[in-house]
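structure_7.txt follows; it contains compact mmCIF, C-alpha atoms.
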```
# COMPACT_ATOMS: atom_id res chain seq x y z
CA MET A 1 0.00 0.00 0.00
CA LYS A 2 2.93 2.35 0.61
CA LEU A 3 3.90 2.02 -3.05
CA LEU A 4 0.47 3.00 -4.34
CA PRO A 5 0.87 6.80 -4.17
CA ARG A 6 4.30 6.63 -5.83
CA THR A 7 3.00 4.30 -8.53
CA ALA A 8 0.03 6.56 -9.18
CA LEU A 9 2.33 9.61 -9.35
CA GLN A 10 4.65 7.89 -11.83
CA ALA A 11 1.67 6.89 -13.97
CA PHE A 12 0.43 10.50 -13.91
CA GLN A 13 3.88 11.76 -14.91
CA ARG A 14 4.13 9.30 -17.80
CA ALA A 15 0.70 10.34 -19.04
CA GLY A 16 1.56 14.01 -18.60
CA ARG A 17 4.81 13.75 -20.54
CA LYS A 18 2.84 12.75 -23.61
CA LEU A 19 1.27 16.21 -23.44
CA ASP A 20 4.58 18.03 -22.98
CA PRO A 21 5.28 18.43 -26.73
CA PHE A 22 1.91 20.17 -27.10
CA PHE A 23 2.50 22.56 -24.20
CA ALA A 24 6.05 23.20 -25.43
CA GLY A 25 4.86 24.14 -28.92
CA ARG A 26 6.72 21.38 -30.74
CA TRP A 27 3.94 21.40 -33.35
CA TYR A 28 4.96 24.94 -34.30
CA TRP A 29 8.57 23.96 -34.93
CA SER A 30 7.49 20.85 -36.84
CA LEU A 31 5.42 23.04 -39.16
CA LYS A 32 8.26 25.52 -39.52
CA ARG A 33 10.73 22.73 -40.34
CA TRP A 34 8.34 21.40 -42.98
CA LEU A 35 8.14 24.84 -44.61
CA ILE A 36 11.93 25.21 -44.53
CA GLU A 37 12.29 21.78 -46.13
CA ARG A 38 10.21 23.01 -49.07
CA ARG A 39 12.32 26.17 -49.25
CA LEU A 40 15.55 24.18 -49.14
CA ALA A 41 14.38 21.81 -51.88
CA TYR A 42 13.50 24.80 -54.05
CA ALA A 43 16.88 26.47 -53.45
CA LEU A 44 18.77 23.28 -54.30
CA ASP A 45 16.75 22.78 -57.44
CA GLN A 46 17.00 26.38 -58.65
CA TYR A 47 20.42 27.55 -57.47
CA GLY A 48 22.45 24.43 -56.59
CA ASP A 49 23.96 23.21 -53.34
CA GLN A 50 26.82 25.76 -53.39
CA SER A 51 24.55 28.81 -53.62
CA MET A 52 24.02 31.28 -50.80
CA GLN A 53 20.28 30.56 -50.94
CA ALA A 54 20.89 26.85 -50.34
CA ARG A 55 23.37 27.51 -47.55
CA ARG A 56 20.99 29.91 -45.82
CA ALA A 57 18.10 27.44 -46.10
CA THR A 58 20.34 24.62 -44.84
CA GLU A 59 21.27 26.62 -41.75
CA GLN A 60 17.62 27.46 -41.12
CA TYR A 61 16.72 23.78 -41.46
CA ARG A 62 19.46 22.80 -39.01
CA ARG A 63 18.10 25.20 -36.43
CA ALA A 64 14.50 24.12 -37.02
CA HIS A 65 15.49 20.46 -36.72
CA PHE A 66 17.18 21.25 -33.39
CA ALA A 67 14.03 23.06 -32.25
CA VAL A 68 11.84 20.08 -33.12
CA ARG A 69 14.07 17.79 -31.08
CA TYR A 70 14.66 20.13 -28.13
CA TRP A 71 11.38 22.13 -28.34
CA ARG A 72 13.00 25.52 -28.94
CA SER A 73 15.47 27.18 -31.26
CA ALA A 74 18.76 28.32 -29.73
CA PRO A 75 22.03 30.05 -30.64
CA GLY A 76 24.85 27.91 -31.98
CA PRO A 77 26.84 27.65 -28.70
CA VAL A 78 23.73 26.56 -26.80
CA MET A 79 23.02 23.97 -29.49
CA GLN A 80 26.55 22.61 -28.99
CA ILE A 81 26.10 22.31 -25.22
CA ALA A 82 22.75 20.54 -25.68
CA GLU A 83 24.27 18.00 -28.07
CA GLN A 84 27.26 17.46 -25.79
CA ALA A 85 24.94 16.96 -22.82
CA ARG A 86 23.06 14.31 -24.77
CA LYS A 87 26.31 12.53 -25.65
CA ALA A 88 27.36 12.75 -21.99
CA GLY A 89 24.29 10.75 -21.00
CA LEU A 90 21.94 13.42 -19.64
CA PRO A 91 18.26 12.53 -20.14
CA LEU A 92 16.81 14.00 -23.32
CA HIS A 93 13.74 15.26 -21.46
CA ALA A 94 15.93 17.13 -18.97
CA ILE A 95 17.89 18.85 -21.74
CA ARG A 96 14.65 19.78 -23.46
CA LEU A 97 13.34 21.52 -20.35
CA VAL A 98 16.54 23.53 -19.96
CA VAL A 99 16.57 24.58 -23.63
CA LEU A 100 12.83 25.32 -23.63
CA ASN A 101 13.15 27.70 -20.69
CA THR A 102 16.32 29.35 -22.09
CA ASP A 103 18.22 28.50 -18.91
CA LEU A 104 21.36 28.10 -21.03
CA ARG A 105 22.44 31.68 -21.72
CA ILE A 106 25.37 33.33 -23.47
CA ARG A 107 27.49 35.95 -21.73
CA ASP A 108 30.75 37.32 -23.13
CA GLY A 109 30.73 34.60 -25.76
CA ASN A 110 30.47 31.79 -23.19
CA VAL A 111 27.48 29.62 -22.29
CA TYR A 112 26.37 29.49 -18.68
CA LEU A 113 23.47 27.91 -16.80
CA ARG A 114 21.26 30.44 -15.06
CA ARG A 115 19.51 29.63 -11.80
CA PRO A 116 16.55 32.04 -11.49
CA PHE A 117 15.50 32.06 -7.84
CA ILE A 118 12.53 34.28 -8.66
CA VAL A 119 10.96 31.42 -10.65
CA THR A 120 10.97 29.25 -7.53
CA VAL A 121 9.18 31.95 -5.57
CA LEU A 122 6.63 32.60 -8.31
CA ASN A 123 5.99 28.89 -8.71
CA ALA A 124 5.23 28.51 -4.99
CA ILE A 125 2.86 31.50 -5.11
CA PHE A 126 1.10 30.24 -8.23
CA ALA A 127 0.76 26.70 -6.85
CA THR A 128 -0.84 28.12 -3.70
CA ILE A 129 -3.28 30.21 -5.71
CA VAL A 130 -4.25 27.31 -7.99
CA GLY A 131 -4.60 24.89 -5.07
CA THR A 132 -6.77 27.33 -3.12
CA HIS A 133 -8.96 28.09 -6.11
CA MET A 134 -9.42 24.39 -6.90
CA PHE A 135 -10.34 23.71 -3.27
CA LEU A 136 -12.94 26.49 -3.31
CA MET A 137 -14.44 25.19 -6.57
CA CYS A 138 -14.72 21.69 -5.08
CA LEU A 139 -16.20 23.14 -1.88
CA MET A 140 -18.84 24.95 -3.94
CA ALA A 141 -19.70 21.68 -5.67
CA VAL A 142 -20.05 19.87 -2.33
CA THR A 143 -22.29 22.53 -0.77
CA ALA A 144 -24.43 23.00 -3.89
CA GLN A 145 -27.84 21.38 -4.23
CA GLY A 146 -27.96 18.22 -6.27
CA PRO A 147 -27.46 14.45 -6.16
CA THR A 148 -24.25 13.02 -4.73
CA TRP A 149 -23.18 11.40 -8.00
CA LEU A 150 -23.34 14.76 -9.77
CA LYS A 151 -21.22 16.40 -7.08
CA ILE A 152 -18.60 13.65 -7.48
CA VAL A 153 -18.57 14.11 -11.26
CA VAL A 154 -18.14 17.88 -10.90
CA ILE A 155 -15.32 17.49 -8.38
CA LEU A 156 -13.50 15.01 -10.62
CA ALA A 157 -13.95 17.27 -13.64
CA VAL A 158 -12.63 20.30 -11.75
CA ALA A 159 -9.63 18.34 -10.46
CA LEU A 160 -8.87 17.02 -13.95
CA VAL A 161 -8.98 20.46 -15.54
CA TYR A 162 -6.78 22.05 -12.87
CA CYS A 163 -4.25 19.21 -12.91
CA PHE A 164 -4.08 19.41 -16.71
CA LEU A 165 -3.45 23.16 -16.70
CA TYR A 166 -1.00 23.04 -13.79
CA TYR A 167 1.01 20.25 -15.38
CA GLY A 168 1.39 22.36 -18.51
CA TRP A 169 2.40 25.35 -16.38
CA SER A 170 4.98 23.26 -14.50
CA LEU A 171 6.80 22.74 -17.82
CA TYR A 172 7.98 26.34 -17.42
CA THR A 173 8.29 26.56 -13.65
CA SER A 174 8.91 23.73 -11.20
CA ARG A 175 10.13 21.00 -13.53
CA PRO A 176 13.05 22.91 -15.07
CA GLN A 177 14.07 23.85 -11.52
CA GLN A 178 14.13 20.16 -10.62
CA VAL A 179 16.26 19.43 -13.69
CA ILE A 180 18.74 22.16 -12.76
CA ALA A 181 18.95 20.82 -9.21
CA ALA A 182 19.58 17.27 -10.47
CA HIS A 183 21.83 17.91 -13.49
CA GLY A 184 23.03 21.48 -13.09
CA HIS A 185 26.55 20.53 -12.01
CA ARG A 186 27.05 18.41 -15.15
CA LEU A 187 25.77 21.20 -17.38
CA ASP A 188 28.08 23.64 -15.61
CA ALA A 189 31.01 21.33 -16.31
CA LEU A 190 30.13 21.15 -20.01
CA CYS A 191 29.88 24.94 -20.20
CA ILE A 192 33.27 25.36 -18.50
CA GLU A 193 34.84 22.75 -20.78
CA ARG A 194 33.51 24.51 -23.89
CA ALA A 195 34.79 27.88 -22.63
CA ARG A 196 38.27 26.39 -22.12
CA ARG A 197 38.30 24.90 -25.62
CA THR A 198 37.15 28.19 -27.13
CA HIS A 199 39.79 30.12 -25.20
CA ALA A 200 42.51 27.65 -26.24
CA ALA A 201 41.48 27.86 -29.89
CA ALA A 202 41.49 31.67 -29.77
CA HIS A 203 44.93 31.57 -28.13
CA ARG A 204 46.31 29.35 -30.89
CA LEU A 205 44.93 31.68 -33.55
CA ASN A 206 46.60 34.65 -31.85
CA LEU A 207 49.91 32.82 -31.84
CA HIS A 208 49.65 32.13 -35.55
```

Show the structure stored in the file as structure tokens.
Amino acid sequence: MKLLPRTALQAFQRAGRKLDPFFAGRWYWSLKRWLIERRLAYALDQYGDQSMQARRATEQYRRAHFAVRYWRSAPGPVMQIAEQARKAGLPLHAIRLVVLNTDLRIRDGNVYLRRPFIVTVLNAIFATIVGTHMFLMCLMAVTAQGPTWLKIVVILAVALVYCFLYYGWSLYTSRPQQVIAAHGHRLDALCIERARRTHAAAHRLNLH
């Protein structure tokens, strides 16, 4: 019986993750990639693969393909860190949440992982407001006139709607914070490693 709440929570999370691409707007990037594919095919057919039109469309397709996989477009250095994180064994879903919320930022040419404390505060406030509002809605259903079965149906419907909306909201609030807490040190290491390689390459160019 002790395992029942955890099992139910895991089942809810698995079901919710199937909705994450919708909340993240992956459909938008899929449509954009499809349009760019048409543009790239046209450029290759009309101007050839060495033309500026084809190169520009190829770069746009590369960025759109990244956005479809990671749910958001990103600058080149951030794209590199995301791919390196995937090769290093970080969960794909965790990398997606970090990229989606633009928690990988660029400063002075280097990528760093931001840790916005204000998001944690706002998430706690919003969760309190949503929980209170849902409780009041359920309380209104309980105290309203009507058969018991109807009250139960209303309560379940209200809970379902609020859980659905809050799970989508958590994609931009609590869940990326959990990812940063769990994998932030590994992402920091990748950012530092990239900065060292960039600095070393710039130093070699200066010597030449």

* Between CA of Val78 in chain A and CA of Leu190 in chain A, what is the spacing in Å? ->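 About the pair CA of Leu190 in chain A and CA of Val78 in chain A: they are 10.8 Å apart.
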
Test item: residues at most 6 Å from range 170-180 of chain A, all atoms listed in the file, excluding those fewer than 6 positions along its chain, as a short mmCIF file (atom, residue, chain, number, x, y, z; two decimals) with C-alpha atoms, in the coordinates of the input:
```cif
data_model
loop_
_atom_site.label_atom_id
_atom_site.label_comp_id
_atom_site.auth_asym_id
_atom_site.auth_seq_id
_atom_site.Cartn_x
_atom_site.Cartn_y
_atom_site.Cartn_z
CA ALA A 94 15.93 17.13 -18.97
CA LEU A 97 13.34 21.52 -20.35
CA ASN A 123 5.99 28.89 -8.71
#
```

* Residues near Arg69 in chain A, cut-off 9 Å, all atoms listed in the file, skip fewer than 4 positions along chain, as a PyMOL selection string -> chain A and resi 26+64-65+96

* To do: For Leu100 in chain A, list every protein, DNA or RNA residue within 8 Å, evaluated using all atoms listed in the file, and leave out those in the same chain fewer than 2 positions away; present the list as a PyMOL selection string.
  => chain A and resi 24+70-72+96-98+102-103+172

* For Phe23 in chain A, which residue among A:Ala195, A:Leu122, A:Phe164, A:His185 is the nearest when counting only C-alpha atoms? -> A:Phe164

* Pick out the closest residue to Ile95 in chain A from this set: A:Cys138, A:Val154, A:Leu160, A:Ala67. Count only C-alpha atoms. =>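 Going through A:Cys138, A:Val154, A:Leu160, A:Ala67 one by one, the smallest distance to Ile95 in chain A is for A:Ala67.
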
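If only C-alpha atoms are the atoms counted, then among A:Val142, A:Ala43, A:Val121, A:Ala182 the closest residue to Arg55 in chain A is A:Ala43.
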
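The space separating CA of Tyr167 in chain A from CA of Val68 in chain A comes to 20.8 Å.
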
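You can rank A:Tyr166, A:Phe66, A:Phe126, A:Phe117 by their closest distance to Val99 in chain A using only C-alpha atoms, and at the top of that list sits A:Phe66.
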
* To do: Anything within 10 Å of (24.3, 26.9, -34.8): list those residues as a list in words, counting only C-alpha atoms and sticking to the file's coordinates.
  => Glu59, Gln60, Arg62, Arg63, Phe66, Ser73, Ala74, Pro75, Gly76, Pro77, Val78, Met79 and Gln80 of chain A

Could the centre and edge lengths of an axis-aligned box, enclosing all atoms of range 154-162 of chain A in the file with 6 Å extra on each side, be given in Å to one decimal as JSON?
```
{"center_x": -12.5, "center_y": 18.5, "center_z": -12.0, "size_x": 23.4, "size_y": 19.0, "size_z": 19.2}
```

* For a cut-off of 12 Å around (16.6, 23.2, -53.7), file coordinates, pick out all residues using all atoms listed in the file and list them as a PyMOL selection string. => chain A and resi 36-58

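Distance-wise, CA of Thr120 in chain A and CA of Ala181 in chain A end up 11.7 Å apart.
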
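Among A:Gly168, A:Leu90, A:Tyr162, A:Ile81, the residue with the shortest atom-to-atom distance to Cys191 in chain A, counting all atoms listed in the file, is A:Ile81.
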
* Asked: Which one of A:Leu104, A:Ala127, A:Lys18, A:Trp29 sits closest to Trp169 in chain A if you count only C-alpha atoms?
  -> A:Ala127
